[in-house]
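S.K.: The structure file target_36.cif (mmCIF, C-alpha atoms and all ligand atoms) is provided below.
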```cif
data_final
#
loop_
_atom_site.label_atom_id
_atom_site.label_comp_id
_atom_site.auth_asym_id
_atom_site.auth_seq_id
_atom_site.Cartn_x
_atom_site.Cartn_y
_atom_site.Cartn_z
CA MET A 10 124.62 88.51 104.66
CA LYS A 11 124.11 90.64 107.75
CA ASP A 12 120.46 91.01 108.75
CA PRO A 13 119.65 94.65 107.93
CA LYS A 14 116.98 94.92 110.59
CA ILE A 15 118.02 95.69 114.10
CA THR A 16 120.58 94.75 116.64
CA PHE A 17 119.99 93.90 120.28
CA LYS A 18 122.80 94.79 122.61
CA ASP A 19 123.84 92.01 124.95
CA ARG A 20 123.41 94.19 127.99
CA GLU A 21 119.79 95.05 127.24
CA THR A 22 117.30 93.78 129.73
CA ALA A 23 114.46 91.40 129.00
CA GLU A 24 112.04 94.31 129.17
CA GLU A 25 113.99 96.24 126.60
CA SER A 26 114.02 93.23 124.34
CA LEU A 27 110.26 93.62 124.01
CA GLN A 28 110.83 96.85 122.14
CA PRO A 29 110.67 96.69 118.37
CA GLU A 30 113.93 96.00 116.71
CA ARG A 31 115.49 99.35 116.00
CA ILE A 32 116.29 100.41 112.52
CA GLU A 33 119.81 101.74 112.15
CA LEU A 34 119.20 105.25 113.41
CA ASP A 35 121.93 106.66 111.23
CA THR A 36 119.82 105.92 108.22
CA PHE A 37 117.00 108.15 109.32
CA THR A 38 118.09 110.55 111.97
CA ARG A 39 121.73 111.31 112.62
CA PRO A 40 122.35 114.08 110.06
CA ARG A 41 119.18 115.93 111.06
CA LYS A 42 118.90 115.62 114.80
CA ARG A 43 121.38 118.41 115.50
CA VAL A 44 119.18 121.14 114.03
CA PHE A 45 116.25 120.12 116.20
CA ILE A 46 118.29 119.82 119.38
CA PHE A 47 120.04 123.13 118.67
CA LEU A 48 116.74 124.96 118.23
CA LEU A 49 115.30 123.24 121.27
CA LEU A 50 118.16 124.41 123.50
CA VAL A 51 118.14 127.94 122.06
CA THR A 52 114.40 128.18 122.67
CA SER A 53 114.91 127.00 126.25
CA LEU A 54 117.56 129.68 126.80
CA LEU A 55 115.26 132.34 125.36
CA LEU A 56 112.48 131.22 127.69
CA LEU A 57 114.92 131.28 130.56
CA GLY A 58 115.89 134.86 129.72
CA LEU A 59 112.23 135.83 129.41
CA ALA A 60 111.47 134.29 132.79
CA PHE A 61 114.36 136.22 134.31
CA LEU A 62 113.05 139.48 132.88
CA LEU A 63 109.57 138.72 134.12
CA TRP A 64 111.05 138.36 137.57
CA TRP A 65 113.58 141.17 137.47
CA VAL A 66 111.32 143.94 136.21
CA PRO A 67 108.64 143.55 138.87
CA PHE A 68 111.37 143.04 141.44
CA VAL A 69 112.42 146.61 141.11
CA GLY A 70 108.88 147.84 141.66
CA LEU A 71 107.19 145.07 143.61
CA ALA A 72 109.61 145.35 146.51
CA ASN A 73 107.96 148.62 147.32
CA ILE A 74 104.59 146.85 147.82
CA HIS A 75 105.84 144.13 150.14
CA GLU A 76 109.30 142.67 150.69
CA TRP A 77 108.05 139.07 150.12
CA VAL A 78 106.32 139.65 146.80
CA PRO A 79 109.51 139.52 144.67
CA VAL A 80 110.65 136.37 146.46
CA LEU A 81 107.33 134.62 145.91
CA LEU A 82 107.39 135.56 142.23
CA ALA A 83 110.93 134.23 141.92
CA VAL A 84 109.90 130.90 143.47
CA LEU A 85 106.91 130.64 141.12
CA LEU A 86 108.92 131.40 137.99
CA SER A 87 111.74 129.10 139.11
CA GLY A 88 109.20 126.28 139.38
CA ILE A 89 107.95 126.94 135.84
CA VAL A 90 111.51 127.06 134.51
CA LEU A 91 112.49 123.84 136.29
CA VAL A 92 109.46 121.97 134.95
CA SER A 93 110.16 123.26 131.42
CA LEU A 94 113.84 122.35 131.63
CA GLY A 95 112.93 118.92 132.94
CA ALA A 96 110.62 118.37 129.96
CA VAL A 97 113.28 119.57 127.50
CA LEU A 98 115.99 117.39 129.04
CA THR A 99 113.65 114.40 129.01
CA LEU A 100 112.98 115.00 125.33
CA VAL A 101 116.67 115.39 124.54
CA PHE A 102 117.42 112.19 126.49
CA THR A 103 114.74 110.34 124.53
CA ILE A 104 116.12 111.65 121.25
CA VAL A 105 119.74 110.90 122.05
CA ARG A 106 119.28 107.52 123.73
CA GLY A 107 116.17 106.31 121.89
CA LYS A 108 114.83 104.94 125.16
CA ASN A 109 111.17 104.22 125.66
CA LEU A 110 110.15 106.60 128.42
CA PHE A 111 106.86 106.01 130.18
CA PHE A 112 105.28 109.19 128.83
CA ASN A 113 106.77 108.88 125.40
CA ARG A 114 103.47 109.14 123.54
CA ARG A 115 102.64 112.38 125.34
CA ILE A 116 106.08 113.76 124.50
CA ARG A 117 105.48 112.98 120.82
CA GLY A 118 102.23 114.93 121.05
CA VAL A 119 103.96 117.91 122.63
CA VAL A 120 106.69 117.86 119.98
CA ILE A 121 104.12 117.68 117.17
CA ARG A 122 101.67 120.24 118.50
CA VAL A 123 103.80 122.71 120.47
CA VAL A 124 107.54 122.37 120.03
CA PHE A 125 107.71 122.12 116.23
CA PRO A 126 105.72 125.32 115.48
CA LEU A 127 107.81 127.11 118.12
CA LEU A 128 111.07 125.90 116.60
CA VAL A 129 110.02 126.96 113.11
CA GLY A 130 109.68 130.52 114.42
CA VAL A 131 113.00 130.42 116.28
CA GLY A 132 114.71 128.77 113.29
CA ARG A 133 113.53 131.59 111.05
CA CYS A 134 115.36 134.08 113.30
CA PHE A 135 118.55 132.04 112.80
CA GLY A 136 118.05 131.82 109.04
CA ILE A 137 117.49 128.06 109.08
CA LYS A 138 115.35 126.95 106.16
CA LYS A 139 111.92 125.59 106.93
CA SER A 140 112.65 122.49 104.83
CA GLU A 141 115.68 121.72 106.99
CA ILE A 142 113.65 122.07 110.18
CA ARG A 143 110.99 119.81 108.66
CA ARG A 144 113.59 117.15 107.85
CA SER A 145 114.85 117.38 111.40
CA PHE A 146 111.31 117.19 112.76
CA VAL A 147 110.56 114.04 110.73
CA ALA A 148 113.80 112.44 111.92
CA ILE A 149 112.98 113.21 115.56
CA ASN A 150 109.42 112.00 115.08
CA ASN A 151 110.76 108.73 113.64
CA GLN A 152 112.94 108.22 116.65
CA LEU A 153 110.07 108.87 119.06
CA VAL A 154 107.85 106.48 117.08
CA MET A 155 110.52 103.79 117.32
CA ALA A 156 110.92 104.48 121.04
CA GLU A 157 107.19 103.90 121.51
CA ALA A 158 107.87 100.22 120.94
CA GLN A 159 104.69 99.47 119.08
CA LYS A 160 104.43 96.32 116.99
CA VAL A 161 101.29 95.57 115.04
CA ASN A 162 99.64 92.90 112.92
CA PRO A 163 99.81 93.45 109.15
CA GLU A 164 96.16 94.51 108.90
CA LYS A 165 96.85 97.34 111.35
CA MET A 166 99.67 98.79 109.28
CA LEU A 167 99.27 101.16 106.35
CA ILE A 168 101.86 102.19 103.80
CA LEU A 169 100.84 105.57 102.43
CA LEU A 170 102.41 106.70 99.16
CA PRO A 171 102.32 109.90 97.11
CA HIS A 172 100.85 109.70 93.62
CA CYS A 173 104.02 111.24 92.13
CA LEU A 174 105.81 107.91 92.62
CA GLN A 175 103.90 106.57 89.62
CA ASN A 176 105.57 107.05 86.26
CA HIS A 177 104.03 110.03 84.47
CA ASP A 178 103.39 107.97 81.31
CA CYS A 179 101.46 105.24 83.11
CA ASP A 180 97.69 105.36 82.76
CA VAL A 181 96.93 102.50 85.13
CA ARG A 182 94.66 103.67 87.92
CA ILE A 183 96.46 102.83 91.16
CA THR A 184 94.78 105.25 93.55
CA GLY A 185 91.90 102.82 94.12
CA ASP A 186 94.02 99.69 94.31
CA VAL A 187 97.78 99.54 93.99
CA GLN A 188 97.50 95.94 92.82
CA ASN A 189 96.19 97.30 89.49
CA CYS A 190 99.84 97.99 88.69
CA LYS A 191 100.95 95.95 85.65
CA SER A 192 104.46 95.56 87.09
CA CYS A 193 106.17 96.96 84.03
CA GLY A 194 108.98 98.21 86.26
CA LYS A 195 109.06 101.81 85.07
CA CYS A 196 108.49 103.00 88.63
CA LYS A 197 108.73 101.73 92.21
CA ILE A 198 104.99 101.13 92.49
CA LYS A 199 105.78 97.64 91.20
CA ASN A 200 108.12 96.96 94.15
CA LEU A 201 105.75 98.50 96.67
CA ALA A 202 102.84 96.40 95.40
CA ALA A 203 105.10 93.34 95.77
CA LEU A 204 105.93 94.35 99.37
CA SER A 205 102.23 94.70 100.07
CA GLU A 206 101.63 91.14 98.90
CA LYS A 207 104.65 89.71 100.66
CA TYR A 208 103.81 91.20 104.07
CA HIS A 209 99.99 91.34 103.68
CA VAL A 210 100.03 95.05 104.46
CA HIS A 211 97.66 97.69 103.07
CA VAL A 212 99.29 100.03 100.57
CA ALA A 213 97.41 103.14 99.49
CA VAL A 214 98.26 105.94 97.08
CA ALA A 215 97.01 109.43 97.88
CA THR A 216 96.82 112.33 95.45
CA GLY A 217 96.70 114.87 98.27
CA GLY A 218 96.15 115.54 101.93
CA THR A 219 92.37 115.21 101.79
CA LEU A 220 92.48 111.75 100.22
CA ALA A 221 95.26 110.72 102.60
CA ARG A 222 93.10 111.69 105.59
CA LYS A 223 90.14 109.74 104.14
CA ILE A 224 92.31 106.66 103.64
CA VAL A 225 93.51 106.84 107.24
CA VAL A 226 89.95 107.21 108.53
CA ASP A 227 88.77 104.25 106.40
CA LYS A 228 91.65 101.88 107.17
CA ARG A 229 92.05 102.83 110.84
CA PRO A 230 95.70 101.75 111.04
CA LYS A 231 97.66 101.60 114.28
CA ILE A 232 100.83 102.66 112.52
CA ILE A 233 101.53 104.34 109.20
CA ILE A 234 104.66 104.16 107.12
CA ALA A 235 104.48 107.22 104.90
CA VAL A 236 106.58 108.17 101.90
CA ALA A 237 106.52 111.84 100.88
CA CYS A 238 108.45 115.10 100.68
CA GLU A 239 109.38 117.12 103.79
CA ARG A 240 106.30 119.32 103.65
CA ASP A 241 103.76 116.52 103.17
CA LEU A 242 105.38 114.26 105.76
CA THR A 243 105.33 117.08 108.31
CA SER A 244 101.65 117.89 107.75
CA GLY A 245 100.80 114.18 107.57
CA ILE A 246 102.48 113.47 110.91
CA GLN A 247 100.60 116.40 112.48
CA ASP A 248 97.25 115.42 110.95
CA ALA A 249 97.49 111.74 111.85
CA TYR A 250 98.44 112.24 115.53
CA PRO A 251 97.95 110.26 117.79
CA ILE A 252 98.47 107.54 115.16
CA PRO A 253 102.26 107.14 114.87
CA VAL A 254 103.65 107.91 111.41
CA PHE A 255 107.07 106.67 110.41
CA GLY A 256 108.25 109.00 107.65
CA ILE A 257 110.49 108.15 104.70
CA PHE A 258 111.56 110.95 102.35
CA ASN A 259 111.03 110.44 98.67
CA ARG A 260 113.74 111.22 96.15
CA ARG A 261 113.09 113.85 93.51
CA PRO A 262 115.58 113.42 90.67
CA PHE A 263 113.30 115.34 88.26
CA GLY A 264 112.15 117.97 90.73
CA PRO A 265 109.15 117.98 93.05
CA CYS A 266 106.00 115.98 92.37
CA TYR A 267 107.24 114.36 89.14
CA ASP A 268 108.43 110.77 88.71
CA THR A 269 109.71 110.62 92.26
CA ASP A 270 111.52 107.66 93.73
CA VAL A 271 111.93 105.88 97.07
CA ASP A 272 114.44 103.55 98.65
CA ILE A 273 112.57 100.23 98.77
CA ASP A 274 115.01 98.79 101.31
CA LEU A 275 114.11 101.55 103.78
CA VAL A 276 110.42 100.82 103.36
CA GLU A 277 111.02 97.11 103.94
CA LYS A 278 113.12 97.84 107.03
CA GLY A 279 110.27 99.95 108.36
CA LEU A 280 107.85 97.08 107.76
CA LYS A 281 110.06 94.59 109.56
CA THR A 282 110.56 96.96 112.46
CA PHE A 283 106.90 97.51 113.25
CA LEU A 284 105.32 94.21 112.22
CA ILE A 285 104.74 91.43 114.71
CA ASN A 286 106.93 88.57 113.57
S1 LIG B 301 105.28 99.81 87.55
FE1 LIG B 301 103.01 99.84 87.63
S2 LIG B 301 102.49 101.92 88.18
FE2 LIG B 301 104.65 101.97 87.55
S3 LIG B 301 104.55 102.53 85.38
FE3 LIG B 301 104.55 100.26 85.49
S4 LIG B 301 102.38 99.68 85.51
FE4 LIG B 301 102.49 101.87 85.97
#
```
Would you encode the structure as structure tokens?
Ligand code: SF4
M.R.:
Amino acid sequence: MKDPKITFKDRETAEESLQPERIELDTFTRPRKRVFIFLLLVTSLLLLGLAFLLWWVPFVGLANIHEWVPVLLAVLLSGIVLVSLGAVLTLVFTIVRGKNLFFNRRIRGVVIRVVFPLLVGVGRCFGIKKSEIRRSFVAINNQLVMAEAQKVNPEKMLILLPHCLQNHDCDVRITGDVQNCKSCGKCKIKNLAALSEKYHVHVAVATGGTLARKIVVDKRPKIIIAVACERDLTSGIQDAYPIPVFGIFNRRPFGPCYDTDVDIDLVEKGLKTFLIN
């Protein structure tokens, strides 16, 4: 059977081969990247237009003060625009090519702290749902996390799960220790506990954002593989920064927060991608 992990292209250099094996990007990112890139480019155009206005309006009046003032302002604004465009193009290149750029970690920070809130506002003007932008954001974040090329030992990895994965009828207390699961098979906690044992990785179940933050502070992981809905993954990625969070969406066949499900194969692929062999 074909190894589901990652493929190395023959032409990749030895340096590139040090990067973590890449999960099939299609699985996590392809359907959602377009929204993010679209909003990014639209925002850039809007900023470009704003910069032009900021130059043009004073130009009409400033020329009366001194003939060089409008030119100096144009040079200044052009510099700002060029730097901004350079940053946007670098980000787009990173997203499209999945290459590990030397300031990748900083770019992830800018995306999380600045670009995402900006795009939510722009997306609202275009009638794009917040949940769709969140899905796109998580997909882009995943790609940047993969591009960061970080591999860790099992004790430095944390799998963070939402409590709604547990079957609603089960009264076993798994929030303290997932290994308390009796492996009855009514929910995927059984499989996730088995993965934890197989790869010697911490698995924790959080009932909310506060507990999730406490778990992260206690465990001090270097990378987190988180399963949750769009909203919780987005806030979790923002809260945990600079710790990289690889997000996997849960499935909600019975609606939100009730007997949810997760693709175990995706979780295992994530483990294999970021664990030192
Ligand atoms: S698999 Fe574990 S957590 Fe899920 S219902 Fe059974 S005992 Fe409870």
S.K.: Residues contacting ligand LIG 301 (chain B) - anything with an atom at most 7 Å away, using all atoms listed in the file - can you give me those as a VMD selection string?
M.R.: chain A and resid 175 to 176 178 to 181 183 190 to 199
S.K.: Pick the closest to A:Gln247 from A:Lys139, A:Arg222, A:His209, A:Lys42: which is it, counting all atoms listed in the file?
M.R.: A:Arg222
S.K.: Quick check, in Å to one decimal: how far apart do atom CA of A:Leu280 and atom CA of A:Val226 lie?
M.R.: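 Answer for the atom CA of A:Leu280 to atom CA of A:Val226 separation: 20.6 Å.
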S.K.: Between atom CA of A:Gly218 and atom CA of A:Leu48, what is the distance in Å, rounded to a tenth?
M.R.: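 Distance between the two atoms: 27.9 Å.
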S.K.: What lies within 8 Å of A:Leu284 using all atoms listed in the file, ignoring chain neighbours under 3 positions off, as an MDAnalysis selection string?
M.R.: chainID A and resid 160:163 166 280:281
S.K.: Put those residues in a file: C-alpha atoms, as an mmCIF file, keeping the file's coordinate frame.
M.R.:
```
data_model
loop_
_atom_site.group_PDB
_atom_site.id
_atom_site.type_symbol
_atom_site.label_atom_id
_atom_site.label_comp_id
_atom_site.auth_asym_id
_atom_site.auth_seq_id
_atom_site.Cartn_x
_atom_site.Cartn_y
_atom_site.Cartn_z
ATOM 1 C CA LYS A 160 104.430 96.320 116.990
ATOM 2 C CA VAL A 161 101.290 95.570 115.040
ATOM 3 C CA ASN A 162 99.640 92.900 112.920
ATOM 4 C CA PRO A 163 99.810 93.450 109.150
ATOM 5 C CA MET A 166 99.670 98.790 109.280
ATOM 6 C CA LEU A 280 107.850 97.080 107.760
ATOM 7 C CA LYS A 281 110.060 94.590 109.560
#
```
S.K.: Rounded to one decimal in Å, what is the spacing between atom CA of A:Val236 and atom CA of A:Ser145?
M.R.: 15.6 Å
S.K.: Report as a VMD selection string all protein, DNA and RNA residues lying within 8 Å of A:Gly279, evaluated on all atoms listed in the file, omitting residues in the same chain fewer than 3 positions from it.
M.R.: chain A and resid 32 234 255 275 to 276 282 to 283
S.K.: Which residue out of A:Cys266, A:Cys134, A:Val254, A:Ile273 has the minimum interatomic distance to A:Ser205 when all atoms listed in the file are used?
M.R.: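 When distances to A:Ser205 are compared using all atoms listed in the file, the smallest one comes from A:Ile273.
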S.K.: Compare A:Leu153, A:Ala83, A:Asp241, A:Arg133 by their minimum atom-to-atom distance to A:Arg106, counting only C-alpha atoms, and give me the closest one.
M.R.: A:Leu153
S.K.: Using only C-alpha atoms, which residue out of A:Phe68, A:Val101, A:Leu170, A:Leu86 lies closest to A:Phe47?
M.R.: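 Smallest distance to A:Phe47 is found for A:Val101.
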S.K.: When distances are computed from all atoms listed in the file, which of A:Leu85, A:Ser93, A:Phe146, A:Thr219 shows the smallest separation from A:Arg122?
M.R.: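 Of A:Leu85, A:Ser93, A:Phe146, A:Thr219, the one nearest A:Arg122 is A:Phe146, counting all atoms listed in the file.
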